[in-house]
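Worksheet for the structure shown next.
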Amino acid sequence: MEDLELIASFWRGKRVLVTGHSGFKGSWLTLWLNALGAKVTGISLPPVTTPNLFTVVNISALCDSRFCDIRDRVPFIDQIHAITPQIVFHLAAQPLVRPGYEEPLWTFETNVMGTLHLLEALRDVEAVRVAVMITTDKVYRENARPHREDDVLGGKDPYSASKAACEHVIACYRDSFLAVNGVAVASARAGNVIGGGDWSRDRLIPDAVRAWQEGQTLEVRRPQSVRPWQHVLEPLWGYLTLARKLWQRPTLAGAYNFGPEETDTATAGDVIELARMAYGRGEVRYGDGKSGPHESAWLALDKSKAQALLGVSPEMALVQAVERTMAWYRAHGQGVKARDLCLADIADYQRLVQGASVVAPLASSA
């Protein structure tokens with residue numbers, strides 16, 4: 001067990017770049033890094049939904065916020081050279097399976113070439129020591145057991161294939177260029193995240209909240225699809241820990257899975273039933289799983305490497321993750337400020353890491 005003050009002292013004053021800081025995970029990560037005392041610069045496209053967590057938390061007030069398309073090589077690289085980060089978290093991406101089918105070129109350009117542009121830029125940044133490159137659990141070729149980091153990479157759909165290609169690019173630049181320059185590079189593969197403040201389209205919990213707030217019936221296309229669900233703070237804590245450990249031990253560079261306990265790998269239908277119970281209302285119509293393009297029917301992650309080398313283990317059971325997520329949306333709908341809700345969740349999560357008891361979500365008294 002590590003002391004939280006020592007962890008905060010590590011981050012205090014560090015120059016940290018977060019790409020994709022206007023997204024759901026990026027906004028949570030930027031808020032957390034700011035709370036730890038880091039000097040954060042964010043690069044991303046403007047948020048694409050209304051509402052969005054970036055705006056309701058006012059993330060731009062907590063960092064040096066810059067909007068730039070990572071596909072635009074020259075201006076993007078110029079920005080990174082000007083920022084001179086010490087630690088980089090790369091989250092900027094086209095992050096969804098179905099839009100990948102609709103716009104495959106955009107998906108590959110953003111995910112593969114954007115990642116390549118970042119890694120190329122880091123070759124000329126003397127200050128950088130650590131780069132944590134966020135990919136996905138969908139980089140693996142489908143099989144019938146939890147994926148390990150050394151499993152064969154695959155991906156039938158454009159999104160998954162683009163992220164698998166990213167893994168090859170990351171490994172190439174790590175081994176060919178960045179490791180010899182003293183930069184520790186790792187890829188982080190997390191499962192399906194849930195948490196307050198996600199208003200993205202075509203994601204299970206945000207779709208449910210939208211439907212139920214408007215008194216509509218939620219349509220679930222593939223209720224039997226199995227995914228490694230976890231609260232957003234779980235992988236973010238993994239990323240933060242990974243970056244800190246890489247700074248101390250660059251030899252830990254490589255790929256890492258961040259997932260829940262195997263017993264918390266659940267179907268979309270299971271998650272929605274938990275969400276409906278926690279939310280207190282909501283109608284659902286389940287599909288037969290046959291509509292739409294191909295998506296993996298079963299995904300699970302073997303998290304033993306992160307546990308053994310980083311000391312990172314899941315802190316929230318699925319039921320707790322869903323309850324906390326739905327409590328966030330209820331409280332925000334009742335007028336509680338989004339930043340207060342996020343900071344309360346972060347504080348509670350840090351208590352969990354320390355083995356302490358947590359307080360009830362702000363929503364319970366809202």
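The way I read the labels, and the way they are meant: chains A, B, ... in the order of the structure tokens, residue 1 as the first residue of every chain, and ligand 1 as the first ligand shown, with later ones counted on from there.
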Residues within 12 Å of A:Met113, only C-alpha atoms, excluding chain neighbours under 4 positions, as a PDB file with C-alpha atoms, in the first residue's frame:
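Result saved to selection.pdb:
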ATOM      1  CA  ASP A  69      -6.336  17.541 -34.924  1.00  0.00           C
ATOM      2  CA  ILE A  70      -3.731  14.846 -34.308  1.00  0.00           C
ATOM      3  CA  ARG A  71      -3.995  13.889 -37.983  1.00  0.00           C
ATOM      4  CA  ASP A  72      -2.432  17.265 -38.910  1.00  0.00           C
ATOM      5  CA  ARG A  73       1.183  16.214 -38.518  1.00  0.00           C
ATOM      6  CA  PHE A  76       0.464  18.686 -33.908  1.00  0.00           C
ATOM      7  CA  ALA A  92      -6.977  10.901 -28.418  1.00  0.00           C
ATOM      8  CA  ALA A  93      -8.743   8.477 -30.745  1.00  0.00           C
ATOM      9  CA  GLN A  94     -11.839   7.547 -32.675  1.00  0.00           C
ATOM     10  CA  LEU A 105     -10.628   6.031 -43.245  1.00  0.00           C
ATOM     11  CA  TRP A 106     -11.160   8.601 -40.511  1.00  0.00           C
ATOM     12  CA  THR A 107     -10.776   5.838 -37.911  1.00  0.00           C
ATOM     13  CA  PHE A 108      -7.449   4.599 -39.286  1.00  0.00           C
ATOM     14  CA  GLU A 109      -6.103   8.104 -39.874  1.00  0.00           C
ATOM     15  CA  HIS A 117       2.648  11.539 -35.267  1.00  0.00           C
ATOM     16  CA  LEU A 118       2.854  11.649 -31.474  1.00  0.00           C
ATOM     17  CA  LEU A 119       5.594   9.037 -31.255  1.00  0.00           C
ATOM     18  CA  GLU A 120       7.565  10.766 -34.003  1.00  0.00           C
ATOM     19  CA  SER A 162      -6.785   0.270 -36.132  1.00  0.00           C
ATOM     20  CA  LYS A 163      -6.019  -0.176 -32.443  1.00  0.00           C
ATOM     21  CA  ALA A 165      -2.133  -1.584 -35.701  1.00  0.00           C
ATOM     22  CA  CYS A 166      -1.414   1.078 -33.067  1.00  0.00           C
ATOM     23  CA  VAL A 169       3.456   1.115 -34.150  1.00  0.00           C
ATOM     24  CA  ILE A 170       3.954   1.664 -30.418  1.00  0.00           C
TER      25      ILE A 170
END
With DSSP run on the backbone, what are the strand (DSSP E or B) residues within stretch 96-295 of chain A? I'd like them as a count of residues only.
38
Using only C-alpha atoms, which of A:Gly197, A:Gly37, A:Gly114, A:Gly182 sits nearest A:Ser22?
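Looking at the shortest contact to A:Ser22, the residue is A:Gly197.
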Contact residues around stretch 13-15 of chain A with only C-alpha atoms at 6 Å, ignoring same-chain residues under 4 positions, as a list in words:
Ala38, Lys39, Pro85 and Gln86 of chain A
Option closest in space to A:Gly100, from A:His81, A:Lys305, A:Lys337, A:His294 [counting only C-alpha atoms]:
A:His294
Given only C-alpha atoms as the basis, pick out the residue of A:Val353, A:Ala184, A:Ala306, A:Leu96 nearest to A:Pro250.
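Closest candidate: A:Ala184.
Here atom CA of A:Glu323 is placed at a distance of 5.4 Å from atom CA of A:Ala278.
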Which polymer residues have any atom within 12 Å of an atom of A:Glu142, counting only C-alpha atoms, with same-chain residues fewer than 2 positions away left out, as an MDAnalysis selection string?
chainID A and resid 137:140 144:148 151:157 160:161 295:301
Out of A:Glu273, A:Asp345, A:Asp288, A:Asp78, which residue has the shortest atom-to-atom distance to A:Glu234 when counting only C-alpha atoms?
A:Asp345
For A:Pro75, which of A:Pro104, A:Asp340, A:Ile43, A:Gly280 is the closest residue, counting only C-alpha atoms?
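Using only C-alpha atoms, the shortest distance to A:Pro75 belongs to A:Ile43.
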Spatial neighbours of stretch 5-11 of chain A, 12 Å, only C-alpha atoms, chain gap at least 6 places, as a VMD selection string:
chain A and resid 32 to 40 86 to 87 237 240 to 241 243 to 245 247 to 248 350 353 to 354
